[in-house]
file input-v3.cif (mmCIF, C-alpha atoms)
data_query
#
loop_
_atom_site.group_PDB
_atom_site.id
_atom_site.type_symbol
_atom_site.label_atom_id
_atom_site.label_comp_id
_atom_site.auth_asym_id
_atom_site.auth_seq_id
_atom_site.Cartn_x
_atom_site.Cartn_y
_atom_site.Cartn_z
ATOM 1 C CA MET A 1 -1.171 46.895 -75.971
ATOM 2 C CA LYS A 2 -4.392 47.718 -74.143
ATOM 3 C CA TYR A 3 -3.998 44.691 -71.812
ATOM 4 C CA LEU A 4 -0.370 45.503 -71.081
ATOM 5 C CA ARG A 5 -1.316 49.059 -70.111
ATOM 6 C CA ARG A 6 -4.062 47.752 -67.792
ATOM 7 C CA LEU A 7 -1.659 45.254 -66.242
ATOM 8 C CA ILE A 8 0.980 47.933 -65.604
ATOM 9 C CA TRP A 9 -1.643 50.284 -64.139
ATOM 10 C CA TYR A 10 -3.011 47.528 -61.888
ATOM 11 C CA VAL A 11 0.450 46.535 -60.585
ATOM 12 C CA SER A 12 1.624 50.131 -60.111
ATOM 13 C CA SER A 13 -1.542 51.222 -58.272
ATOM 14 C CA ARG A 14 -1.284 48.249 -55.871
ATOM 15 C CA LEU A 15 2.435 48.923 -55.369
ATOM 16 C CA LEU A 16 1.735 52.596 -54.622
ATOM 17 C CA ALA A 17 -0.948 51.646 -52.084
ATOM 18 C CA LEU A 18 1.424 49.160 -50.449
ATOM 19 C CA CYS A 19 4.182 51.790 -50.233
ATOM 20 C CA LEU A 20 1.799 54.310 -48.663
ATOM 21 C CA ILE A 21 0.615 51.790 -46.084
ATOM 22 C CA LEU A 22 4.189 50.756 -45.212
ATOM 23 C CA GLY A 23 5.223 54.402 -44.937
ATOM 24 C CA LEU A 24 2.336 55.139 -42.589
ATOM 25 C CA ILE A 25 3.147 52.095 -40.446
ATOM 26 C CA THR A 26 6.800 53.182 -40.233
ATOM 27 C CA MET A 27 5.838 56.715 -39.241
ATOM 28 C CA VAL A 28 3.445 55.459 -36.534
ATOM 29 C CA PHE A 29 6.157 53.129 -35.211
ATOM 30 C CA TYR A 30 8.740 55.919 -34.878
ATOM 31 C CA PHE A 31 6.190 58.318 -33.354
ATOM 32 C CA SER A 32 5.232 55.675 -30.779
ATOM 33 C CA MET A 33 8.871 54.911 -30.016
ATOM 34 C CA ASN A 34 9.663 58.608 -29.486
ATOM 35 C CA ALA A 35 6.532 59.171 -27.382
ATOM 36 C CA THR A 36 7.408 56.223 -25.144
ATOM 37 C CA ASN A 37 10.984 57.434 -24.687
ATOM 38 C CA ILE A 38 9.733 60.934 -23.904
ATOM 39 C CA TYR A 39 7.270 59.610 -21.319
ATOM 40 C CA ILE A 40 10.022 57.652 -19.551
ATOM 41 C CA ILE A 41 12.367 60.668 -19.550
ATOM 42 C CA LEU A 42 9.609 62.899 -18.167
ATOM 43 C CA LYS A 43 8.497 60.425 -15.499
ATOM 44 C CA ASP A 44 11.980 59.590 -14.230
ATOM 45 C CA GLY A 45 13.398 63.097 -14.676
ATOM 46 C CA MET A 46 10.611 64.868 -12.817
ATOM 47 C CA ALA A 47 10.811 62.296 -9.984
ATOM 48 C CA LYS A 48 14.573 62.922 -9.678
ATOM 49 C CA ARG A 49 13.938 66.677 -9.701
ATOM 50 C CA ALA A 50 11.465 66.320 -6.812
ATOM 51 C CA GLN A 51 13.984 64.119 -5.008
ATOM 52 C CA VAL A 52 16.683 66.790 -5.339
ATOM 53 C CA VAL A 53 14.313 69.512 -4.110
ATOM 54 C CA MET A 54 12.792 67.599 -1.182
ATOM 55 C CA MET A 55 15.505 65.199 -0.077
ATOM 56 C CA GLY A 56 18.650 67.078 -1.058
ATOM 57 C CA ALA A 57 19.827 64.421 -3.511
ATOM 58 C CA ASP A 58 22.836 65.180 -5.687
ATOM 59 C CA GLU A 59 22.045 67.374 -8.715
ATOM 60 C CA SER A 60 24.247 65.193 -10.920
ATOM 61 C CA LEU A 61 21.350 62.687 -10.915
ATOM 62 C CA LEU A 62 19.488 65.117 -13.198
ATOM 63 C CA THR A 63 22.022 65.222 -16.059
ATOM 64 C CA PRO A 64 20.640 62.161 -17.913
ATOM 65 C CA TYR A 65 17.196 63.811 -17.990
ATOM 66 C CA PHE A 66 17.681 67.589 -18.190
ATOM 67 C CA SER A 67 19.914 69.797 -20.302
ATOM 68 C CA ALA A 68 22.695 71.499 -18.339
ATOM 69 C CA GLY A 69 21.314 74.941 -19.181
ATOM 70 C CA TYR A 70 17.943 74.133 -17.655
ATOM 71 C CA ILE A 71 19.415 72.672 -14.462
ATOM 72 C CA ASP A 72 21.218 75.969 -13.877
ATOM 73 C CA ARG A 73 18.069 78.099 -14.276
ATOM 74 C CA ASP A 74 15.296 75.939 -12.748
ATOM 75 C CA PRO A 75 13.743 78.042 -9.927
ATOM 76 C CA MET A 76 12.972 75.083 -7.652
ATOM 77 C CA LEU A 77 16.487 73.704 -8.021
ATOM 78 C CA MET A 78 17.943 77.160 -7.391
ATOM 79 C CA GLU A 79 16.012 77.378 -4.096
ATOM 80 C CA ALA A 80 17.260 73.954 -3.046
ATOM 81 C CA ARG A 81 20.813 74.840 -4.100
ATOM 82 C CA ASN A 82 20.709 78.081 -2.061
ATOM 83 C CA GLY A 83 19.359 76.335 1.051
ATOM 84 C CA GLN A 84 15.898 77.905 0.762
ATOM 85 C CA SER A 85 13.928 74.673 0.372
ATOM 86 C CA SER A 86 11.467 74.373 3.252
ATOM 87 C CA TYR A 87 11.423 70.606 2.695
ATOM 88 C CA GLN A 88 15.165 70.253 3.315
ATOM 89 C CA ASN A 89 15.422 72.883 6.062
ATOM 90 C CA ASN A 90 12.531 71.816 8.278
ATOM 91 C CA TYR A 91 11.774 68.182 7.437
ATOM 92 C CA SER A 92 13.517 64.884 7.011
ATOM 93 C CA ILE A 93 11.764 63.481 3.927
ATOM 94 C CA THR A 94 12.055 59.705 3.552
ATOM 95 C CA GLY A 95 9.856 59.157 0.494
ATOM 96 C CA PHE A 96 7.039 60.408 -1.676
ATOM 97 C CA ASP A 97 4.469 59.211 -4.182
ATOM 98 C CA HIS A 98 5.275 60.938 -7.476
ATOM 99 C CA ARG A 99 2.805 60.862 -10.374
ATOM 100 C CA ILE A 100 2.988 62.223 -13.895
ATOM 101 C CA ASN A 101 0.120 62.376 -16.381
ATOM 102 C CA LEU A 102 1.192 62.849 -19.975
ATOM 103 C CA ASP A 103 -1.661 64.960 -21.313
ATOM 104 C CA TRP A 104 -0.288 65.596 -24.799
ATOM 105 C CA VAL A 105 2.898 64.936 -26.781
ATOM 106 C CA TRP A 106 3.950 65.637 -30.336
ATOM 107 C CA CYS A 107 7.166 64.838 -32.140
ATOM 108 C CA TRP A 108 7.680 64.205 -35.804
ATOM 109 C CA PRO A 109 9.824 61.109 -36.393
ATOM 110 C CA TRP A 110 12.402 63.094 -38.379
ATOM 111 C CA GLU A 111 12.784 65.997 -35.924
ATOM 112 C CA ASP A 112 15.072 66.295 -32.909
ATOM 113 C CA SER A 113 12.661 68.356 -30.819
ATOM 114 C CA ALA A 114 9.359 67.608 -29.138
ATOM 115 C CA ARG A 115 6.717 69.305 -27.045
ATOM 116 C CA ALA A 116 4.581 67.771 -24.332
ATOM 117 C CA THR A 117 2.052 68.807 -21.720
ATOM 118 C CA ILE A 118 2.258 67.021 -18.378
ATOM 119 C CA THR A 119 0.595 67.265 -14.981
ATOM 120 C CA GLU A 120 2.819 66.582 -11.977
ATOM 121 C CA ARG A 121 1.310 65.485 -8.653
ATOM 122 C CA ILE A 122 2.782 64.298 -5.381
ATOM 123 C CA PRO A 123 -0.229 63.196 -3.321
ATOM 124 C CA ALA A 124 1.751 61.754 -0.391
ATOM 125 C CA ILE A 125 5.022 62.792 1.252
ATOM 126 C CA ASP A 126 6.573 60.669 4.003
ATOM 127 C CA GLY A 127 8.832 62.295 6.552
ATOM 128 C CA LYS A 128 9.061 63.975 9.911
ATOM 129 C CA LEU A 129 9.793 67.376 11.337
ATOM 130 C CA ARG A 130 13.469 68.020 12.152
ATOM 131 C CA ALA A 131 14.372 68.575 15.789
ATOM 132 C CA SER A 132 15.606 72.124 15.109
ATOM 133 C CA ALA A 133 12.295 73.093 13.471
ATOM 134 C CA ARG A 134 10.389 71.437 16.324
ATOM 135 C CA ASP A 135 12.385 73.461 18.900
ATOM 136 C CA THR A 136 11.814 76.690 16.962
ATOM 137 C CA ALA A 137 8.060 76.052 16.796
ATOM 138 C CA ALA A 138 7.955 75.250 20.518
ATOM 139 C CA ALA A 139 9.934 78.401 21.411
ATOM 140 C CA MET A 140 7.578 80.562 19.351
ATOM 141 C CA GLY A 141 4.522 78.845 20.796
ATOM 142 C CA THR A 142 3.187 77.876 17.370
ATOM 143 C CA PRO A 143 1.722 74.468 16.546
ATOM 144 C CA LEU A 144 4.024 71.960 14.894
ATOM 145 C CA PRO A 145 3.802 72.441 11.125
ATOM 146 C CA SER A 146 2.954 69.484 8.946
ATOM 147 C CA ILE A 147 4.851 68.722 5.767
ATOM 148 C CA PRO A 148 3.746 71.212 3.102
ATOM 149 C CA LYS A 149 1.930 69.762 0.122
ATOM 150 C CA TRP A 150 3.616 69.725 -3.253
ATOM 151 C CA GLN A 151 1.793 72.052 -5.632
ATOM 152 C CA THR A 152 0.077 70.124 -8.442
ATOM 153 C CA THR A 153 1.193 71.820 -11.637
ATOM 154 C CA GLN A 154 0.621 71.457 -15.351
ATOM 155 C CA TYR A 155 3.757 72.065 -17.421
ATOM 156 C CA THR A 156 4.519 72.603 -21.060
ATOM 157 C CA VAL A 157 7.755 70.733 -21.663
ATOM 158 C CA TYR A 158 10.188 71.246 -24.523
ATOM 159 C CA LEU A 159 12.558 68.383 -25.221
ATOM 160 C CA SER A 160 15.469 67.934 -27.594
ATOM 161 C CA ARG A 161 17.302 64.867 -28.792
ATOM 162 C CA GLU A 162 21.029 65.096 -28.118
ATOM 163 C CA ASN A 163 23.233 62.166 -29.155
ATOM 164 C CA ASN A 164 20.121 60.015 -29.702
ATOM 165 C CA GLN A 165 18.870 60.683 -26.163
ATOM 166 C CA TRP A 166 15.923 62.883 -25.238
ATOM 167 C CA ARG A 167 16.544 65.608 -22.638
ATOM 168 C CA ILE A 168 14.209 68.143 -21.063
ATOM 169 C CA ARG A 169 15.264 71.536 -22.383
ATOM 170 C CA ASN A 170 12.641 73.725 -20.720
ATOM 171 C CA LEU A 171 9.670 73.526 -18.350
ATOM 172 C CA THR A 172 7.032 76.239 -18.437
ATOM 173 C CA VAL A 173 4.226 76.362 -15.886
ATOM 174 C CA SER A 174 0.934 76.283 -17.790
ATOM 175 C CA LYS A 175 -1.446 76.062 -14.876
ATOM 176 C CA VAL A 176 -1.288 75.653 -11.115
ATOM 177 C CA ILE A 177 -3.976 73.251 -9.965
ATOM 178 C CA ASN A 178 -5.436 73.754 -6.503
ATOM 179 C CA GLU A 179 -6.506 70.468 -4.948
ATOM 180 C CA GLU A 180 -8.538 70.427 -1.793
#

call {"tool": "encode", "arguments": {"input": "input-v3.cif", "output": "structure tokens"}}
result
Amino acid sequence: MKYLRRLIWYVSSRLLALCLILGLITMVFYFSMNATNIYIILKDGMAKRAQVVMMGADESLLTPYFSAGYIDRDPMLMEARNGQSSYQNNYSITGFDHRINLDWVWCWPWEDSARATITERIPAIDGKLRASARDTAAAMGTPLPSIPKWQTTQYTVYLSRENNQWRIRNLTVSKVINEE
């Protein structure tokens, strides 16, 4: 009886350890999968957002990345929608170098919401001054303005999973970074 009890204890303790290790590996796998999906959504979505603001691209390009409620209330998109974007009004933007740094992300594998901290930078913008803006500057006697720099900003991003697809639900400015 004593040997049977030892055998059962030995087998059950090894089985418990194996189950714990497999559970941890599964959790790490799903966390990594979610974090990768979130990074791709953030990188592509924020690049499309900048494209809509600077180049006047169609806002329907944002629907795979952002929730409809956020698209309606995003201040930068509202400016572009109302014709108040200095990029669209004064410049013909042909391209830009968009960069995202994912500073922090957390999402439990069993939850449908996540939070991340990102830093968005656009170090280079290609384009030229529109003829109408050039004429206005010449008439006022002011020097020709160069393309304004995109403000480097750190955001706290809230995401939700809708129909097995991550979408950006809200962007909150955490810090504006002044680069010289």

call {"tool": "resolve_selection", "arguments": {"input": "input-v3.cif", "expression": "the PyMOL selection byres ((chain A and resi 101) around 9)", "output": "CSV table (one decimal) with C-alpha atoms, in the frame of the given file"}}
result
chain,number,residue,atom,x,y,z
A,43,LYS,CA,8.5,60.4,-15.5
A,99,ARG,CA,2.8,60.9,-10.4
A,100,ILE,CA,3.0,62.2,-13.9
A,102,LEU,CA,1.2,62.8,-20.0
A,103,ASP,CA,-1.7,65.0,-21.3
A,117,THR,CA,2.1,68.8,-21.7
A,118,ILE,CA,2.3,67.0,-18.4
A,119,THR,CA,0.6,67.3,-15.0
A,120,GLU,CA,2.8,66.6,-12.0
A,121,ARG,CA,1.3,65.5,-8.7

call {"tool": "resolve_selection", "arguments": {"input": "input-v3.cif", "expression": "the PyMOL selection byres ((chain A and resi 112) around 9)", "output": "list in words"}}
result
Cys107, Trp108, Pro109, Trp110, Glu111, Ser113, Ala114, Leu159, Ser160, Arg161, Glu162, Asn164 and Trp166 of chain A

call {"tool": "residues_near_point", "arguments": {"input": "input-v3.cif", "point": "(6.2, 62.5, 4.9)", "cutoff": "8 Å", "atoms": "only C-alpha atoms", "output": "MDAnalysis selection string"}}
result
chainID A and resid 92:96 124:128 147

call {"tool": "atom_distance", "arguments": {"input": "input-v3.cif", "atom1": "atom CA of A:Glu179", "atom2": "atom CA of A:Val157"}}
result
22.0 Å

call {"tool": "residues_near_point", "arguments": {"input": "input-v3.cif", "point": "(14.7, 66.5, -5.3)", "cutoff": "10 Å", "atoms": "only C-alpha atoms", "output": "list in words"}}
result
Met46, Ala47, Lys48, Arg49, Ala50, Gln51, Val52, Val53, Met54, Met55, Gly56, Ala57, Asp58, Glu59, Leu61, Leu62, Met76, Leu77, Ala80, Ser85, Tyr87 and Gln88 of chain A

call {"tool": "closest_residue", "arguments": {"input": "input-v3.cif", "among": "A:Leu24, A:Leu129, A:Met140, A:Val105", "to": "A:Leu42", "atoms": "all atoms listed in the file"}}
result
A:Val105

call {"tool": "atom_distance", "arguments": {"input": "input-v3.cif", "atom1": "atom CA of A:Phe31", "atom2": "atom CA of A:Ala116"}}
result
13.2 Å

call {"tool": "atom_distance", "arguments": {"input": "input-v3.cif", "atom1": "atom CA of A:Pro148", "atom2": "atom CA of A:Ile40"}}
result
27.1 Å

call {"tool": "closest_residue", "arguments": {"input": "input-v3.cif", "among": "A:Leu171, A:Leu18, A:Ile41, A:Val176", "to": "A:Thr63", "atoms": "only C-alpha atoms"}}
result
A:Ile41

call {"tool": "resolve_selection", "arguments": {"input": "input-v3.cif", "expression": "the PyMOL selection byres ((chain A and resi 65-67) around 7)", "output": "compact mmCIF listing (two decimals) with C-alpha atoms, in the frame of the given file"}}
result
# COMPACT_ATOMS: atom_id res chain seq x y z
CA ILE A 41 12.37 60.67 -19.55
CA GLY A 45 13.40 63.10 -14.68
CA LEU A 62 19.49 65.12 -13.20
CA THR A 63 22.02 65.22 -16.06
CA PRO A 64 20.64 62.16 -17.91
CA ALA A 68 22.70 71.50 -18.34
CA GLY A 69 21.31 74.94 -19.18
CA TYR A 70 17.94 74.13 -17.66
CA ILE A 71 19.42 72.67 -14.46
CA ARG A 167 16.54 65.61 -22.64
CA ILE A 168 14.21 68.14 -21.06
CA ARG A 169 15.26 71.54 -22.38

call {"tool": "closest_residue", "arguments": {"input": "input-v3.cif", "among": "A:Trp106, A:Ile8, A:Gly83, A:Pro75", "to": "A:Thr36", "atoms": "only C-alpha atoms"}}
result
A:Trp106

call {"tool": "decode", "arguments": {"input": "input-v3.cif", "residues": "stretch 116-161 of chain A", "atoms": "N, CA and C atoms", "output": "PDB file, in the first residue's frame"}}
result
ATOM      1  N   ALA A 116      -2.613  49.868 -24.736  1.00  0.00           N
ATOM      2  CA  ALA A 116      -1.241  49.981 -25.217  1.00  0.00           C
ATOM      3  C   ALA A 116      -0.788  51.432 -25.103  1.00  0.00           C
ATOM      4  N   THR A 117       0.514  51.608 -25.059  1.00  0.00           N
ATOM      5  CA  THR A 117       1.117  52.934 -25.109  1.00  0.00           C
ATOM      6  C   THR A 117       2.033  52.952 -26.321  1.00  0.00           C
ATOM      7  N   ILE A 118       1.807  53.935 -27.207  1.00  0.00           N
ATOM      8  CA  ILE A 118       2.598  54.027 -28.427  1.00  0.00           C
ATOM      9  C   ILE A 118       3.158  55.438 -28.571  1.00  0.00           C
ATOM     10  N   THR A 119       4.216  55.556 -29.342  1.00  0.00           N
ATOM     11  CA  THR A 119       4.772  56.852 -29.713  1.00  0.00           C
ATOM     12  C   THR A 119       4.749  56.936 -31.233  1.00  0.00           C
ATOM     13  N   GLU A 120       4.073  57.967 -31.739  1.00  0.00           N
ATOM     14  CA  GLU A 120       3.942  58.154 -33.185  1.00  0.00           C
ATOM     15  C   GLU A 120       4.873  59.278 -33.632  1.00  0.00           C
ATOM     16  N   ARG A 121       5.658  58.991 -34.677  1.00  0.00           N
ATOM     17  CA  ARG A 121       6.573  59.978 -35.254  1.00  0.00           C
ATOM     18  C   ARG A 121       6.436  59.959 -36.761  1.00  0.00           C
ATOM     19  N   ILE A 122       6.555  61.129 -37.364  1.00  0.00           N
ATOM     20  CA  ILE A 122       6.682  61.238 -38.816  1.00  0.00           C
ATOM     21  C   ILE A 122       7.880  62.164 -39.052  1.00  0.00           C
ATOM     22  N   PRO A 123       9.083  61.572 -39.193  1.00  0.00           N
ATOM     23  CA  PRO A 123      10.278  62.399 -39.310  1.00  0.00           C
ATOM     24  C   PRO A 123      10.436  63.095 -40.660  1.00  0.00           C
ATOM     25  N   ALA A 124       9.816  62.559 -41.716  1.00  0.00           N
ATOM     26  CA  ALA A 124       9.982  63.163 -43.040  1.00  0.00           C
ATOM     27  C   ALA A 124       8.649  63.198 -43.771  1.00  0.00           C
ATOM     28  N   ILE A 125       8.347  64.360 -44.365  1.00  0.00           N
ATOM     29  CA  ILE A 125       7.134  64.530 -45.160  1.00  0.00           C
ATOM     30  C   ILE A 125       7.562  65.055 -46.519  1.00  0.00           C
ATOM     31  N   ASP A 126       7.143  64.351 -47.575  1.00  0.00           N
ATOM     32  CA  ASP A 126       7.466  64.764 -48.943  1.00  0.00           C
ATOM     33  C   ASP A 126       6.266  65.486 -49.540  1.00  0.00           C
ATOM     34  N   GLY A 127       6.520  66.597 -50.185  1.00  0.00           N
ATOM     35  CA  GLY A 127       5.447  67.335 -50.829  1.00  0.00           C
ATOM     36  C   GLY A 127       5.924  68.708 -51.240  1.00  0.00           C
ATOM     37  N   LYS A 128       4.995  69.476 -51.794  1.00  0.00           N
ATOM     38  CA  LYS A 128       5.345  70.831 -52.216  1.00  0.00           C
ATOM     39  C   LYS A 128       4.190  71.771 -51.910  1.00  0.00           C
ATOM     40  N   LEU A 129       4.511  73.022 -51.882  1.00  0.00           N
ATOM     41  CA  LEU A 129       3.543  74.074 -51.603  1.00  0.00           C
ATOM     42  C   LEU A 129       2.593  74.222 -52.794  1.00  0.00           C
ATOM     43  N   ARG A 130       1.298  74.321 -52.525  1.00  0.00           N
ATOM     44  CA  ARG A 130       0.316  74.521 -53.597  1.00  0.00           C
ATOM     45  C   ARG A 130       0.478  75.916 -54.187  1.00  0.00           C
ATOM     46  N   ALA A 131       0.082  76.055 -55.438  1.00  0.00           N
ATOM     47  CA  ALA A 131       0.217  77.332 -56.136  1.00  0.00           C
ATOM     48  C   ALA A 131      -0.591  78.431 -55.450  1.00  0.00           C
ATOM     49  N   SER A 132      -1.782  78.096 -54.963  1.00  0.00           N
ATOM     50  CA  SER A 132      -2.615  79.112 -54.295  1.00  0.00           C
ATOM     51  C   SER A 132      -1.952  79.619 -53.015  1.00  0.00           C
ATOM     52  N   ALA A 133      -1.328  78.731 -52.255  1.00  0.00           N
ATOM     53  CA  ALA A 133      -0.639  79.141 -51.028  1.00  0.00           C
ATOM     54  C   ALA A 133       0.619  79.942 -51.375  1.00  0.00           C
ATOM     55  N   ARG A 134       1.276  79.579 -52.474  1.00  0.00           N
ATOM     56  CA  ARG A 134       2.464  80.307 -52.905  1.00  0.00           C
ATOM     57  C   ARG A 134       2.082  81.735 -53.311  1.00  0.00           C
ATOM     58  N   ASP A 135       0.965  81.891 -54.035  1.00  0.00           N
ATOM     59  CA  ASP A 135       0.497  83.214 -54.454  1.00  0.00           C
ATOM     60  C   ASP A 135       0.094  84.064 -53.255  1.00  0.00           C
ATOM     61  N   THR A 136      -0.564  83.447 -52.280  1.00  0.00           N
ATOM     62  CA  THR A 136      -0.968  84.165 -51.069  1.00  0.00           C
ATOM     63  C   THR A 136       0.252  84.656 -50.294  1.00  0.00           C
ATOM     64  N   ALA A 137       1.261  83.806 -50.174  1.00  0.00           N
ATOM     65  CA  ALA A 137       2.488  84.192 -49.462  1.00  0.00           C
ATOM     66  C   ALA A 137       3.205  85.313 -50.210  1.00  0.00           C
ATOM     67  N   ALA A 138       3.215  85.238 -51.532  1.00  0.00           N
ATOM     68  CA  ALA A 138       3.886  86.282 -52.324  1.00  0.00           C
ATOM     69  C   ALA A 138       3.141  87.606 -52.218  1.00  0.00           C
ATOM     70  N   ALA A 139       1.798  87.554 -52.213  1.00  0.00           N
ATOM     71  CA  ALA A 139       0.996  88.781 -52.117  1.00  0.00           C
ATOM     72  C   ALA A 139       1.165  89.448 -50.753  1.00  0.00           C
ATOM     73  N   MET A 140       1.342  88.636 -49.717  1.00  0.00           N
ATOM     74  CA  MET A 140       1.510  89.187 -48.370  1.00  0.00           C
ATOM     75  C   MET A 140       2.964  89.568 -48.086  1.00  0.00           C
ATOM     76  N   GLY A 141       3.855  89.177 -48.966  1.00  0.00           N
ATOM     77  CA  GLY A 141       5.266  89.497 -48.781  1.00  0.00           C
ATOM     78  C   GLY A 141       5.948  88.661 -47.723  1.00  0.00           C
ATOM     79  N   THR A 142       5.379  87.508 -47.398  1.00  0.00           N
ATOM     80  CA  THR A 142       5.976  86.617 -46.403  1.00  0.00           C
ATOM     81  C   THR A 142       6.792  85.540 -47.103  1.00  0.00           C
ATOM     82  N   PRO A 143       7.782  84.985 -46.434  1.00  0.00           N
ATOM     83  CA  PRO A 143       8.560  83.908 -47.054  1.00  0.00           C
ATOM     84  C   PRO A 143       7.683  82.671 -47.258  1.00  0.00           C
ATOM     85  N   LEU A 144       8.072  81.864 -48.222  1.00  0.00           N
ATOM     86  CA  LEU A 144       7.306  80.650 -48.515  1.00  0.00           C
ATOM     87  C   LEU A 144       7.413  79.680 -47.335  1.00  0.00           C
ATOM     88  N   PRO A 145       6.274  79.259 -46.803  1.00  0.00           N
ATOM     89  CA  PRO A 145       6.322  78.357 -45.642  1.00  0.00           C
ATOM     90  C   PRO A 145       6.711  76.936 -46.051  1.00  0.00           C
ATOM     91  N   SER A 146       7.491  76.309 -45.203  1.00  0.00           N
ATOM     92  CA  SER A 146       7.830  74.908 -45.449  1.00  0.00           C
ATOM     93  C   SER A 146       6.735  74.030 -44.849  1.00  0.00           C
ATOM     94  N   ILE A 147       6.764  72.779 -45.211  1.00  0.00           N
ATOM     95  CA  ILE A 147       5.745  71.842 -44.716  1.00  0.00           C
ATOM     96  C   ILE A 147       5.881  71.734 -43.200  1.00  0.00           C
ATOM     97  N   PRO A 148       4.783  71.943 -42.464  1.00  0.00           N
ATOM     98  CA  PRO A 148       4.887  71.853 -41.003  1.00  0.00           C
ATOM     99  C   PRO A 148       5.213  70.429 -40.555  1.00  0.00           C
ATOM    100  N   LYS A 149       5.977  70.342 -39.482  1.00  0.00           N
ATOM    101  CA  LYS A 149       6.338  69.031 -38.951  1.00  0.00           C
ATOM    102  C   LYS A 149       5.146  68.414 -38.227  1.00  0.00           C
ATOM    103  N   TRP A 150       5.073  67.113 -38.301  1.00  0.00           N
ATOM    104  CA  TRP A 150       4.056  66.360 -37.574  1.00  0.00           C
ATOM    105  C   TRP A 150       4.502  66.274 -36.123  1.00  0.00           C
ATOM    106  N   GLN A 151       3.614  66.570 -35.202  1.00  0.00           N
ATOM    107  CA  GLN A 151       3.958  66.573 -33.788  1.00  0.00           C
ATOM    108  C   GLN A 151       4.142  65.145 -33.280  1.00  0.00           C
ATOM    109  N   THR A 152       5.328  64.839 -32.768  1.00  0.00           N
ATOM    110  CA  THR A 152       5.583  63.524 -32.168  1.00  0.00           C
ATOM    111  C   THR A 152       4.786  63.434 -30.876  1.00  0.00           C
ATOM    112  N   THR A 153       3.989  62.385 -30.759  1.00  0.00           N
ATOM    113  CA  THR A 153       3.050  62.267 -29.652  1.00  0.00           C
ATOM    114  C   THR A 153       3.056  60.854 -29.090  1.00  0.00           C
ATOM    115  N   GLN A 154       2.941  60.772 -27.778  1.00  0.00           N
ATOM    116  CA  GLN A 154       2.760  59.484 -27.117  1.00  0.00           C
ATOM    117  C   GLN A 154       1.281  59.344 -26.780  1.00  0.00           C
ATOM    118  N   TYR A 155       0.700  58.215 -27.158  1.00  0.00           N
ATOM    119  CA  TYR A 155      -0.722  57.954 -26.958  1.00  0.00           C
ATOM    120  C   TYR A 155      -0.933  56.759 -26.042  1.00  0.00           C
ATOM    121  N   THR A 156      -2.012  56.819 -25.284  1.00  0.00           N
ATOM    122  CA  THR A 156      -2.541  55.639 -24.624  1.00  0.00           C
ATOM    123  C   THR A 156      -3.703  55.175 -25.489  1.00  0.00           C
ATOM    124  N   VAL A 157      -3.645  53.936 -25.925  1.00  0.00           N
ATOM    125  CA  VAL A 157      -4.616  53.416 -26.882  1.00  0.00           C
ATOM    126  C   VAL A 157      -5.436  52.325 -26.207  1.00  0.00           C
ATOM    127  N   TYR A 158      -6.748  52.412 -26.378  1.00  0.00           N
ATOM    128  CA  TYR A 158      -7.654  51.373 -25.905  1.00  0.00           C
ATOM    129  C   TYR A 158      -8.206  50.656 -27.120  1.00  0.00           C
ATOM    130  N   LEU A 159      -8.102  49.343 -27.111  1.00  0.00           N
ATOM    131  CA  LEU A 159      -8.563  48.533 -28.231  1.00  0.00           C
ATOM    132  C   LEU A 159      -9.613  47.550 -27.750  1.00  0.00           C
ATOM    133  N   SER A 160     -10.469  47.131 -28.670  1.00  0.00           N
ATOM    134  CA  SER A 160     -11.452  46.095 -28.355  1.00  0.00           C
ATOM    135  C   SER A 160     -11.504  45.112 -29.514  1.00  0.00           C
ATOM    136  N   ARG A 161     -11.824  43.887 -29.178  1.00  0.00           N
ATOM    137  CA  ARG A 161     -11.937  42.844 -30.199  1.00  0.00           C
ATOM    138  C   ARG A 161     -13.405  42.715 -30.570  1.00  0.00           C
TER     139      ARG A 161
END
